[in-house]
Amino acid sequence: MENKQSLASQGPGKYHESVMVDQVISALHICSRSKHLKKACKYIDATLGTGGHTLEILKLGGEVLGIDLDPKMVEMSRKRIGKEILDRDKYSLVNGNFTDIDRIAKENGFEKVSGILLDLGVSNLHLKDLERGFSFANREAPLDMRINPEAQGVKASDLLNILREDQLRNLFEVTIEPGPAKWISKKVTEFRKRSPILKVNDMLEICDGLRTGKHGLNEATLPFLALRIAVNSELENLKEVLPKAYNLLEVGGRLVVISFHSGEDKIVKDFMTGKGVSGFDIASADELEGNPRARSAKMRILEKK
Ligand SMILES: C[S@@+](CC[C@H](N)C(=O)[O-])C[C@H]1O[C@@H](n2cnc3c(N)ncnc32)[C@H](O)[C@@H]1O
């Protein structure tokens, strides 16, 4: 793999700890000039985060359109990238939903591109932000989980207070088996008869005693993941973005998707096998030691024919 040392520069701390950087760079075949279009190679990082992947693409001479649903991530990336890449013409960073990738690409002159990256889910910074309800480290936090609170109206607590028991079962079945999903849905409806579900702690109480059959995971991890996926329409958004992203690729261009759970991966796999060949790669052992989030990462690559 090329660019072996780049992982080291992604160290923990202030920014999201990017996964599979070397594999992503290698899969995207970063170039500074497109054979097909005979001009600068353009890439879209549709899940910009704090810009770890974008920065590597820029350093190798590609031009990048970065998109993120969370305005805070775009702001952080702007500061981070601005310090290292002095030529402002090489990149555009936009706050938006990747489901609008076609419109955003057109508005920024990225109608045909050499590669697109989707590094799904939320960033470490979301999980570390103890006020947004993504993690159960702060029991007093509101159960919110919206990636963009300015653009999204429905919080995780709203779903728990409003959905019928059968709808809750469907929500939880995205990450856990039907038996435990039924169990937890019933507990939600029992809890809310006594008082509304508002805080992280309420959901932790509801999860108390849940058996998901996944050893080594906190009992609340998978229900919290299911809630986050639902609040942010993550699976629906993924289904919508894949064909739009594929349409933006030039011939020979590559779509690279990193997913973190089987629900996401199935959507990616089905889309890619529908279009032809699909390979996948998993995070390297070295990376696992330094970045536990990479444990569940799965990367798939599709080349446009
Ligand atoms: C795993 S992080 C990406 C990290 C990034 N590759 C890096 O190296 O810093 C996923 C990012 O996707 C963003 N995101 C999630 N859903 C999105 C959507 N529908 N449209 C745009 N961005 C989205 C999240 O806000 C988060 O910052």
# chains A, B, ... in the order shown; residues from 1 in each chain; ligands from 1
>>> residues_near_ligand(ligand="ligand 1", cutoff="8 Å", atoms="only C-alpha atoms and all ligand atoms", output="NGL selection string")
:A and (15-19 or 21 or 45-54 or 67-70 or 73 or 95-99 or 118-124 or 126 or 147-148 or 232-234 or 237-238)
>>> write_last_selection(atoms="N, CA and C atoms", output="short mmCIF file (atom, residue, chain, number, x, y, z; two decimals), in the first residue's frame")
data_model
loop_
_atom_site.label_atom_id
_atom_site.label_comp_id
_atom_site.auth_asym_id
_atom_site.auth_seq_id
_atom_site.Cartn_x
_atom_site.Cartn_y
_atom_site.Cartn_z
N TYR A 15 -8.96 15.94 16.40
CA TYR A 15 -9.74 15.63 15.20
C TYR A 15 -10.27 14.20 15.23
N HIS A 16 -11.20 13.93 14.30
CA HIS A 16 -11.68 12.56 14.12
C HIS A 16 -10.51 11.67 13.72
N GLU A 17 -10.45 10.49 14.31
CA GLU A 17 -9.36 9.58 13.96
C GLU A 17 -9.78 8.80 12.71
N SER A 18 -9.31 9.22 11.57
CA SER A 18 -9.76 8.65 10.30
C SER A 18 -9.40 7.17 10.20
N VAL A 19 -10.29 6.37 9.62
CA VAL A 19 -9.98 4.94 9.46
C VAL A 19 -9.55 4.66 8.02
N VAL A 21 -7.05 5.08 6.09
CA VAL A 21 -6.61 6.18 5.22
C VAL A 21 -5.79 5.65 4.05
N ASP A 45 -15.43 14.16 -1.20
CA ASP A 45 -15.46 13.50 0.11
C ASP A 45 -16.83 13.85 0.69
N ALA A 46 -17.78 12.93 0.55
CA ALA A 46 -19.18 13.23 0.90
C ALA A 46 -19.44 13.16 2.39
N THR A 47 -18.45 12.72 3.16
CA THR A 47 -18.55 12.67 4.63
C THR A 47 -17.26 13.28 5.18
N LEU A 48 -17.14 14.55 5.01
CA LEU A 48 -15.90 15.29 5.29
C LEU A 48 -15.37 15.08 6.71
N GLY A 49 -16.26 15.09 7.70
CA GLY A 49 -15.80 14.98 9.10
C GLY A 49 -14.83 16.11 9.41
N THR A 50 -13.69 15.77 10.04
CA THR A 50 -12.69 16.81 10.28
C THR A 50 -11.59 16.77 9.21
N GLY A 51 -11.93 16.20 8.07
CA GLY A 51 -11.09 16.38 6.90
C GLY A 51 -9.87 15.48 6.77
N GLY A 52 -9.79 14.42 7.55
CA GLY A 52 -8.60 13.56 7.50
C GLY A 52 -8.35 12.98 6.11
N HIS A 53 -9.38 12.41 5.49
CA HIS A 53 -9.19 11.83 4.16
C HIS A 53 -8.98 12.94 3.12
N THR A 54 -9.77 14.00 3.24
CA THR A 54 -9.67 15.11 2.29
C THR A 54 -8.24 15.66 2.24
N ILE A 67 -18.20 17.51 1.78
CA ILE A 67 -19.58 17.77 2.22
C ILE A 67 -19.77 17.16 3.61
N ASP A 68 -20.40 17.89 4.51
CA ASP A 68 -20.79 17.27 5.78
C ASP A 68 -22.10 17.88 6.26
N LEU A 69 -22.92 17.01 6.83
CA LEU A 69 -24.23 17.42 7.34
C LEU A 69 -24.10 18.29 8.58
N ASP A 70 -23.02 18.12 9.32
CA ASP A 70 -22.83 18.86 10.56
C ASP A 70 -22.01 20.12 10.30
N MET A 73 -18.54 20.30 11.83
CA MET A 73 -17.46 19.53 11.19
C MET A 73 -16.85 20.35 10.05
N ASN A 95 -21.57 22.67 3.82
CA ASN A 95 -22.48 22.05 4.79
C ASN A 95 -23.73 21.61 4.04
N GLY A 96 -23.99 20.32 4.04
CA GLY A 96 -25.18 19.83 3.34
C GLY A 96 -25.33 18.34 3.54
N ASN A 97 -26.46 17.81 3.05
CA ASN A 97 -26.71 16.38 3.15
C ASN A 97 -26.19 15.71 1.88
N PHE A 98 -25.51 14.58 2.03
CA PHE A 98 -24.98 13.94 0.82
C PHE A 98 -26.08 13.42 -0.10
N THR A 99 -27.32 13.41 0.38
CA THR A 99 -28.42 13.04 -0.53
C THR A 99 -28.59 14.13 -1.61
N LEU A 118 -17.40 7.77 0.73
CA LEU A 118 -18.43 7.82 1.78
C LEU A 118 -17.87 7.04 2.96
N ASP A 119 -17.56 7.75 4.03
CA ASP A 119 -17.04 7.13 5.26
C ASP A 119 -18.17 7.31 6.27
N LEU A 120 -19.01 6.29 6.38
CA LEU A 120 -20.35 6.47 6.95
C LEU A 120 -20.38 6.65 8.48
N GLY A 121 -21.54 7.06 8.95
CA GLY A 121 -21.77 7.16 10.40
C GLY A 121 -21.45 8.53 10.95
N VAL A 122 -21.04 8.55 12.20
CA VAL A 122 -20.67 9.82 12.84
C VAL A 122 -19.19 9.77 13.20
N SER A 123 -18.65 10.92 13.60
CA SER A 123 -17.22 10.97 13.89
C SER A 123 -16.97 10.76 15.39
N ASN A 124 -15.71 10.54 15.71
CA ASN A 124 -15.34 10.41 17.13
C ASN A 124 -15.76 11.65 17.90
N HIS A 126 -18.39 13.48 17.49
CA HIS A 126 -19.80 13.38 17.88
C HIS A 126 -19.91 12.53 19.15
N ILE A 147 -27.48 14.84 13.84
CA ILE A 147 -26.18 15.27 13.31
C ILE A 147 -26.20 16.77 13.03
N ASN A 148 -27.31 17.26 12.49
CA ASN A 148 -27.44 18.70 12.28
C ASN A 148 -28.70 19.22 12.98
N ASN A 232 -31.24 10.00 12.17
CA ASN A 232 -30.56 10.64 11.05
C ASN A 232 -30.89 10.00 9.70
N SER A 233 -31.90 9.14 9.67
CA SER A 233 -32.33 8.47 8.42
C SER A 233 -31.13 7.90 7.67
N GLU A 234 -30.22 7.27 8.41
CA GLU A 234 -28.94 6.91 7.81
C GLU A 234 -29.07 5.88 6.69
N ASN A 237 -30.80 7.56 3.62
CA ASN A 237 -29.86 8.48 2.97
C ASN A 237 -28.83 7.72 2.13
N LEU A 238 -28.37 6.60 2.69
CA LEU A 238 -27.37 5.81 1.97
C LEU A 238 -27.95 5.27 0.66
#
>>> closest_residue(among="A:Ala105, A:Ala226, A:Ala137, A:Ile184", to="A:Ser262", atoms="only C-alpha atoms")
A:Ala226
>>> residues_around(residues="A:Arg300", least_positions_apart="3", cutoff="9 Å", atoms="only C-alpha atoms", output="NGL selection string")
:A and (255-259 or 265 or 268-269 or 272 or 278-282)
>>> closest_residue(among="A:Ile162, A:Leu222, A:Leu28, A:Val94", to="A:Glu56", atoms="only C-alpha atoms")
A:Leu28
>>> residues_around(residues="A:Arg254", least_positions_apart="4", cutoff="12 Å", atoms="only C-alpha atoms", output="number ranges by chain")
A: 24-30, 41-45, 112-118, 242, 245-250, 272, 277-279, 300-305
>>> write_last_selection(atoms="N, CA and C atoms", output="mmCIF file, in the first residue's frame")
data_model
loop_
_atom_site.group_PDB
_atom_site.id
_atom_site.type_symbol
_atom_site.label_atom_id
_atom_site.label_comp_id
_atom_site.auth_asym_id
_atom_site.auth_seq_id
_atom_site.Cartn_x
_atom_site.Cartn_y
_atom_site.Cartn_z
ATOM 1 N N VAL A 24 -8.003 3.829 1.574
ATOM 2 C CA VAL A 24 -8.887 4.750 0.834
ATOM 3 C C VAL A 24 -8.098 5.446 -0.277
ATOM 4 N N ILE A 25 -6.927 5.938 0.073
ATOM 5 C CA ILE A 25 -6.098 6.656 -0.902
ATOM 6 C C ILE A 25 -5.723 5.727 -2.051
ATOM 7 N N SER A 26 -5.361 4.515 -1.703
ATOM 8 C CA SER A 26 -4.987 3.549 -2.731
ATOM 9 C C SER A 26 -6.198 3.208 -3.611
ATOM 10 N N ALA A 27 -7.375 3.028 -2.987
ATOM 11 C CA ALA A 27 -8.573 2.652 -3.742
ATOM 12 C C ALA A 27 -9.033 3.769 -4.669
ATOM 13 N N LEU A 28 -8.831 5.011 -4.254
ATOM 14 C CA LEU A 28 -9.303 6.132 -5.075
ATOM 15 C C LEU A 28 -8.368 6.438 -6.247
ATOM 16 N N HIS A 29 -7.168 5.821 -6.250
ATOM 17 C CA HIS A 29 -6.204 6.088 -7.328
ATOM 18 C C HIS A 29 -6.000 7.593 -7.511
ATOM 19 N N ILE A 30 -5.557 8.246 -6.458
ATOM 20 C CA ILE A 30 -5.466 9.712 -6.517
ATOM 21 C C ILE A 30 -4.492 10.151 -7.621
ATOM 22 N N CYS A 41 -7.776 16.234 -11.541
ATOM 23 C CA CYS A 41 -8.583 15.143 -10.983
ATOM 24 C C CYS A 41 -9.391 15.682 -9.811
ATOM 25 N N LYS A 42 -10.680 15.383 -9.855
ATOM 26 C CA LYS A 42 -11.560 15.902 -8.811
ATOM 27 C C LYS A 42 -12.138 14.748 -7.992
ATOM 28 N N TYR A 43 -12.277 14.996 -6.708
ATOM 29 C CA TYR A 43 -12.821 13.990 -5.798
ATOM 30 C C TYR A 43 -13.883 14.638 -4.917
ATOM 31 N N ILE A 44 -14.865 13.826 -4.550
ATOM 32 C CA ILE A 44 -15.837 14.311 -3.567
ATOM 33 C C ILE A 44 -15.704 13.467 -2.304
ATOM 34 N N ASP A 45 -15.434 14.156 -1.196
ATOM 35 C CA ASP A 45 -15.463 13.496 0.106
ATOM 36 C C ASP A 45 -16.833 13.852 0.691
ATOM 37 N N LYS A 112 -18.356 15.908 -12.979
ATOM 38 C CA LYS A 112 -17.731 14.614 -13.316
ATOM 39 C C LYS A 112 -16.460 14.496 -12.492
ATOM 40 N N VAL A 113 -16.376 13.397 -11.736
ATOM 41 C CA VAL A 113 -15.249 13.295 -10.807
ATOM 42 C C VAL A 113 -14.546 11.943 -10.928
ATOM 43 N N SER A 114 -13.309 11.908 -10.422
ATOM 44 C CA SER A 114 -12.501 10.686 -10.489
ATOM 45 C C SER A 114 -12.772 9.742 -9.326
ATOM 46 N N GLY A 115 -13.324 10.266 -8.253
ATOM 47 C CA GLY A 115 -13.600 9.387 -7.115
ATOM 48 C C GLY A 115 -14.492 10.048 -6.086
ATOM 49 N N ILE A 116 -15.222 9.195 -5.383
ATOM 50 C CA ILE A 116 -16.103 9.684 -4.313
ATOM 51 C C ILE A 116 -15.924 8.776 -3.093
ATOM 52 N N LEU A 117 -15.810 9.420 -1.938
ATOM 53 C CA LEU A 117 -15.675 8.668 -0.685
ATOM 54 C C LEU A 117 -16.889 8.889 0.201
ATOM 55 N N LEU A 118 -17.399 7.773 0.728
ATOM 56 C CA LEU A 118 -18.426 7.823 1.780
ATOM 57 C C LEU A 118 -17.872 7.038 2.961
ATOM 58 N N LEU A 242 -26.174 6.537 -3.159
ATOM 59 C CA LEU A 242 -25.326 5.651 -3.965
ATOM 60 C C LEU A 242 -25.532 5.831 -5.477
ATOM 61 N N ALA A 245 -24.211 9.264 -6.556
ATOM 62 C CA ALA A 245 -22.744 9.318 -6.552
ATOM 63 C C ALA A 245 -22.202 8.604 -7.790
ATOM 64 N N TYR A 246 -22.755 7.451 -8.088
ATOM 65 C CA TYR A 246 -22.278 6.669 -9.251
ATOM 66 C C TYR A 246 -22.409 7.497 -10.533
ATOM 67 N N ASN A 247 -23.526 8.213 -10.659
ATOM 68 C CA ASN A 247 -23.752 9.032 -11.860
ATOM 69 C C ASN A 247 -22.722 10.139 -12.028
ATOM 70 N N LEU A 248 -22.145 10.587 -10.917
ATOM 71 C CA LEU A 248 -21.178 11.686 -10.994
ATOM 72 C C LEU A 248 -19.778 11.222 -11.407
ATOM 73 N N LEU A 249 -19.553 9.909 -11.399
ATOM 74 C CA LEU A 249 -18.206 9.406 -11.697
ATOM 75 C C LEU A 249 -17.934 9.423 -13.192
ATOM 76 N N GLU A 250 -16.702 9.778 -13.567
ATOM 77 C CA GLU A 250 -16.287 9.591 -14.956
ATOM 78 C C GLU A 250 -16.001 8.102 -15.158
ATOM 79 N N MET A 272 -23.627 -2.320 -5.217
ATOM 80 C CA MET A 272 -22.413 -2.553 -6.017
ATOM 81 C C MET A 272 -22.527 -3.839 -6.832
ATOM 82 N N VAL A 277 -18.800 -5.749 -10.517
ATOM 83 C CA VAL A 277 -17.906 -6.352 -9.529
ATOM 84 C C VAL A 277 -17.832 -5.514 -8.256
ATOM 85 N N SER A 278 -17.707 -6.181 -7.126
ATOM 86 C CA SER A 278 -17.518 -5.443 -5.880
ATOM 87 C C SER A 278 -16.488 -6.146 -5.020
ATOM 88 N N GLY A 279 -15.432 -5.441 -4.677
ATOM 89 C CA GLY A 279 -14.441 -6.034 -3.778
ATOM 90 C C GLY A 279 -14.585 -5.398 -2.415
ATOM 91 N N ARG A 300 -15.722 -1.042 0.657
ATOM 92 C CA ARG A 300 -16.046 -1.612 -0.660
ATOM 93 C C ARG A 300 -15.744 -0.583 -1.736
ATOM 94 N N ILE A 301 -15.341 -1.092 -2.879
ATOM 95 C CA ILE A 301 -14.912 -0.214 -3.973
ATOM 96 C C ILE A 301 -15.657 -0.604 -5.241
ATOM 97 N N LEU A 302 -16.168 0.393 -5.954
ATOM 98 C CA LEU A 302 -16.825 0.134 -7.246
ATOM 99 C C LEU A 302 -16.212 1.052 -8.300
ATOM 100 N N GLU A 303 -15.790 0.455 -9.400
ATOM 101 C CA GLU A 303 -15.221 1.260 -10.490
ATOM 102 C C GLU A 303 -16.260 1.442 -11.580
ATOM 103 N N LYS A 304 -16.422 2.658 -12.063
ATOM 104 C CA LYS A 304 -17.435 2.912 -13.096
ATOM 105 C C LYS A 304 -16.963 2.388 -14.449
ATOM 106 N N LYS A 305 -17.817 1.599 -15.076
ATOM 107 C CA LYS A 305 -17.451 1.023 -16.395
ATOM 108 C C LYS A 305 -17.893 1.954 -17.511
#
>>> atom_distance(atom1="atom CA of A:Thr273", atom2="atom CA of A:Pro243")
12.7 Å
>>> select_by_dssp(residues="stretch 75-256 of chain A", states="strand (DSSP E)", output="compact mmCIF listing (two decimals) with C-alpha atoms, in the first residue's frame")
# COMPACT_ATOMS: atom_id res chain seq x y z
CA TYR A 91 -11.03 22.64 -2.41
CA SER A 92 -14.59 23.61 -1.52
CA LEU A 93 -16.16 22.67 1.80
CA VAL A 94 -19.94 22.65 2.02
CA ASN A 95 -22.48 22.05 4.79
CA VAL A 113 -15.25 13.30 -10.81
CA SER A 114 -12.50 10.69 -10.49
CA GLY A 115 -13.60 9.39 -7.12
CA ILE A 116 -16.10 9.68 -4.31
CA LEU A 117 -15.68 8.67 -0.68
CA LEU A 118 -18.43 7.82 1.78
CA ASP A 119 -17.04 7.13 5.26
CA LEU A 249 -18.21 9.41 -11.70
CA GLU A 250 -16.29 9.59 -14.96
CA VAL A 251 -15.55 6.25 -16.65
CA GLY A 252 -12.86 4.52 -14.57
CA GLY A 253 -13.79 6.66 -11.55
CA ARG A 254 -14.19 4.95 -8.19
CA LEU A 255 -16.77 4.94 -5.47
CA VAL A 256 -15.32 3.95 -2.10
>>> residues_around(residues="stretch 199-216 of chain A", least_positions_apart="6", cutoff="8 Å", atoms="only C-alpha atoms", output="number ranges by chain")
A: 133, 136, 138-143, 157, 176-177, 180, 183-184, 187-188, 191, 223
>>> write_last_selection(atoms="C-alpha atoms", output="short mmCIF file (atom, residue, chain, number, x, y, z; two decimals), in the first residue's frame")
data_model
loop_
_atom_site.label_atom_id
_atom_site.label_comp_id
_atom_site.auth_asym_id
_atom_site.auth_seq_id
_atom_site.Cartn_x
_atom_site.Cartn_y
_atom_site.Cartn_z
CA GLY A 133 -26.61 12.33 23.41
CA PHE A 136 -23.86 7.18 27.12
CA ASN A 138 -22.95 11.60 30.14
CA ARG A 139 -26.15 10.27 31.70
CA GLU A 140 -27.63 13.75 32.11
CA ALA A 141 -27.34 14.71 28.42
CA PRO A 142 -30.55 15.15 26.44
CA LEU A 143 -31.26 12.14 24.23
CA SER A 157 -36.25 11.14 22.63
CA ILE A 176 -30.56 -6.30 17.28
CA GLU A 177 -32.44 -9.58 16.86
CA PRO A 180 -34.46 -8.44 22.23
CA TRP A 183 -38.24 -6.83 24.77
CA ILE A 184 -36.78 -3.33 24.62
CA LYS A 187 -39.80 -1.51 28.11
CA VAL A 188 -39.88 1.81 26.24
CA PHE A 191 -41.28 3.62 30.85
CA PRO A 223 -29.99 0.15 20.93
#
>>> atom_distance(atom1="atom CA of A:Leu171", atom2="atom CA of A:Pro196")
18.6 Å
>>> select_by_dssp(residues="stretch 26-78 of chain A", states="helix (DSSP H, G or I)", output="PyMOL selection string")
chain A and resi 26-28+52-59+71-78
>>> write_last_selection(atoms="N, CA and C atoms", output="PDB file, in the first residue's frame")
ATOM      1  N   SER A  26      -5.361   4.515  -1.703  1.00  0.00           N
ATOM      2  CA  SER A  26      -4.987   3.549  -2.731  1.00  0.00           C
ATOM      3  C   SER A  26      -6.198   3.208  -3.611  1.00  0.00           C
ATOM      4  N   ALA A  27      -7.375   3.028  -2.987  1.00  0.00           N
ATOM      5  CA  ALA A  27      -8.573   2.652  -3.742  1.00  0.00           C
ATOM      6  C   ALA A  27      -9.033   3.769  -4.669  1.00  0.00           C
ATOM      7  N   LEU A  28      -8.831   5.011  -4.254  1.00  0.00           N
ATOM      8  CA  LEU A  28      -9.303   6.132  -5.075  1.00  0.00           C
ATOM      9  C   LEU A  28      -8.368   6.438  -6.247  1.00  0.00           C
ATOM     10  N   GLY A  52      -9.786  14.422   7.548  1.00  0.00           N
ATOM     11  CA  GLY A  52      -8.596  13.560   7.504  1.00  0.00           C
ATOM     12  C   GLY A  52      -8.346  12.978   6.113  1.00  0.00           C
ATOM     13  N   HIS A  53      -9.376  12.414   5.495  1.00  0.00           N
ATOM     14  CA  HIS A  53      -9.185  11.833   4.157  1.00  0.00           C
ATOM     15  C   HIS A  53      -8.982  12.938   3.122  1.00  0.00           C
ATOM     16  N   THR A  54      -9.772  13.998   3.244  1.00  0.00           N
ATOM     17  CA  THR A  54      -9.665  15.112   2.287  1.00  0.00           C
ATOM     18  C   THR A  54      -8.241  15.663   2.243  1.00  0.00           C
ATOM     19  N   LEU A  55      -7.665  15.831   3.412  1.00  0.00           N
ATOM     20  CA  LEU A  55      -6.317  16.391   3.495  1.00  0.00           C
ATOM     21  C   LEU A  55      -5.313  15.523   2.735  1.00  0.00           C
ATOM     22  N   GLU A  56      -5.442  14.220   2.876  1.00  0.00           N
ATOM     23  CA  GLU A  56      -4.500  13.323   2.177  1.00  0.00           C
ATOM     24  C   GLU A  56      -4.682  13.432   0.665  1.00  0.00           C
ATOM     25  N   ILE A  57      -5.930  13.527   0.213  1.00  0.00           N
ATOM     26  CA  ILE A  57      -6.191  13.639  -1.236  1.00  0.00           C
ATOM     27  C   ILE A  57      -5.583  14.947  -1.758  1.00  0.00           C
ATOM     28  N   LEU A  58      -5.779  16.012  -1.005  1.00  0.00           N
ATOM     29  CA  LEU A  58      -5.239  17.315  -1.420  1.00  0.00           C
ATOM     30  C   LEU A  58      -3.714  17.279  -1.498  1.00  0.00           C
ATOM     31  N   LYS A  59      -3.109  16.624  -0.507  1.00  0.00           N
ATOM     32  CA  LYS A  59      -1.637  16.573  -0.479  1.00  0.00           C
ATOM     33  C   LYS A  59      -1.090  15.842  -1.703  1.00  0.00           C
ATOM     34  N   PRO A  71     -22.624  21.312  10.473  1.00  0.00           N
ATOM     35  CA  PRO A  71     -21.874  22.545  10.205  1.00  0.00           C
ATOM     36  C   PRO A  71     -20.613  22.671  11.055  1.00  0.00           C
ATOM     37  N   LYS A  72     -20.626  22.065  12.243  1.00  0.00           N
ATOM     38  CA  LYS A  72     -19.438  22.156  13.112  1.00  0.00           C
ATOM     39  C   LYS A  72     -18.245  21.426  12.490  1.00  0.00           C
ATOM     40  N   MET A  73     -18.544  20.299  11.829  1.00  0.00           N
ATOM     41  CA  MET A  73     -17.460  19.530  11.190  1.00  0.00           C
ATOM     42  C   MET A  73     -16.852  20.346  10.045  1.00  0.00           C
ATOM     43  N   VAL A  74     -17.720  21.000   9.273  1.00  0.00           N
ATOM     44  CA  VAL A  74     -17.230  21.791   8.130  1.00  0.00           C
ATOM     45  C   VAL A  74     -16.331  22.917   8.651  1.00  0.00           C
ATOM     46  N   GLU A  75     -16.743  23.537   9.734  1.00  0.00           N
ATOM     47  CA  GLU A  75     -15.956  24.628  10.305  1.00  0.00           C
ATOM     48  C   GLU A  75     -14.588  24.135  10.772  1.00  0.00           C
ATOM     49  N   MET A  76     -14.589  22.989  11.449  1.00  0.00           N
ATOM     50  CA  MET A  76     -13.306  22.440  11.934  1.00  0.00           C
ATOM     51  C   MET A  76     -12.389  22.093  10.774  1.00  0.00           C
ATOM     52  N   SER A  77     -12.971  21.493   9.728  1.00  0.00           N
ATOM     53  CA  SER A  77     -12.169  21.126   8.553  1.00  0.00           C
ATOM     54  C   SER A  77     -11.598  22.356   7.874  1.00  0.00           C
ATOM     55  N   ARG A  78     -12.425  23.389   7.806  1.00  0.00           N
ATOM     56  CA  ARG A  78     -11.965  24.618   7.138  1.00  0.00           C
ATOM     57  C   ARG A  78     -10.702  25.138   7.837  1.00  0.00           C
TER      58      ARG A  78
END
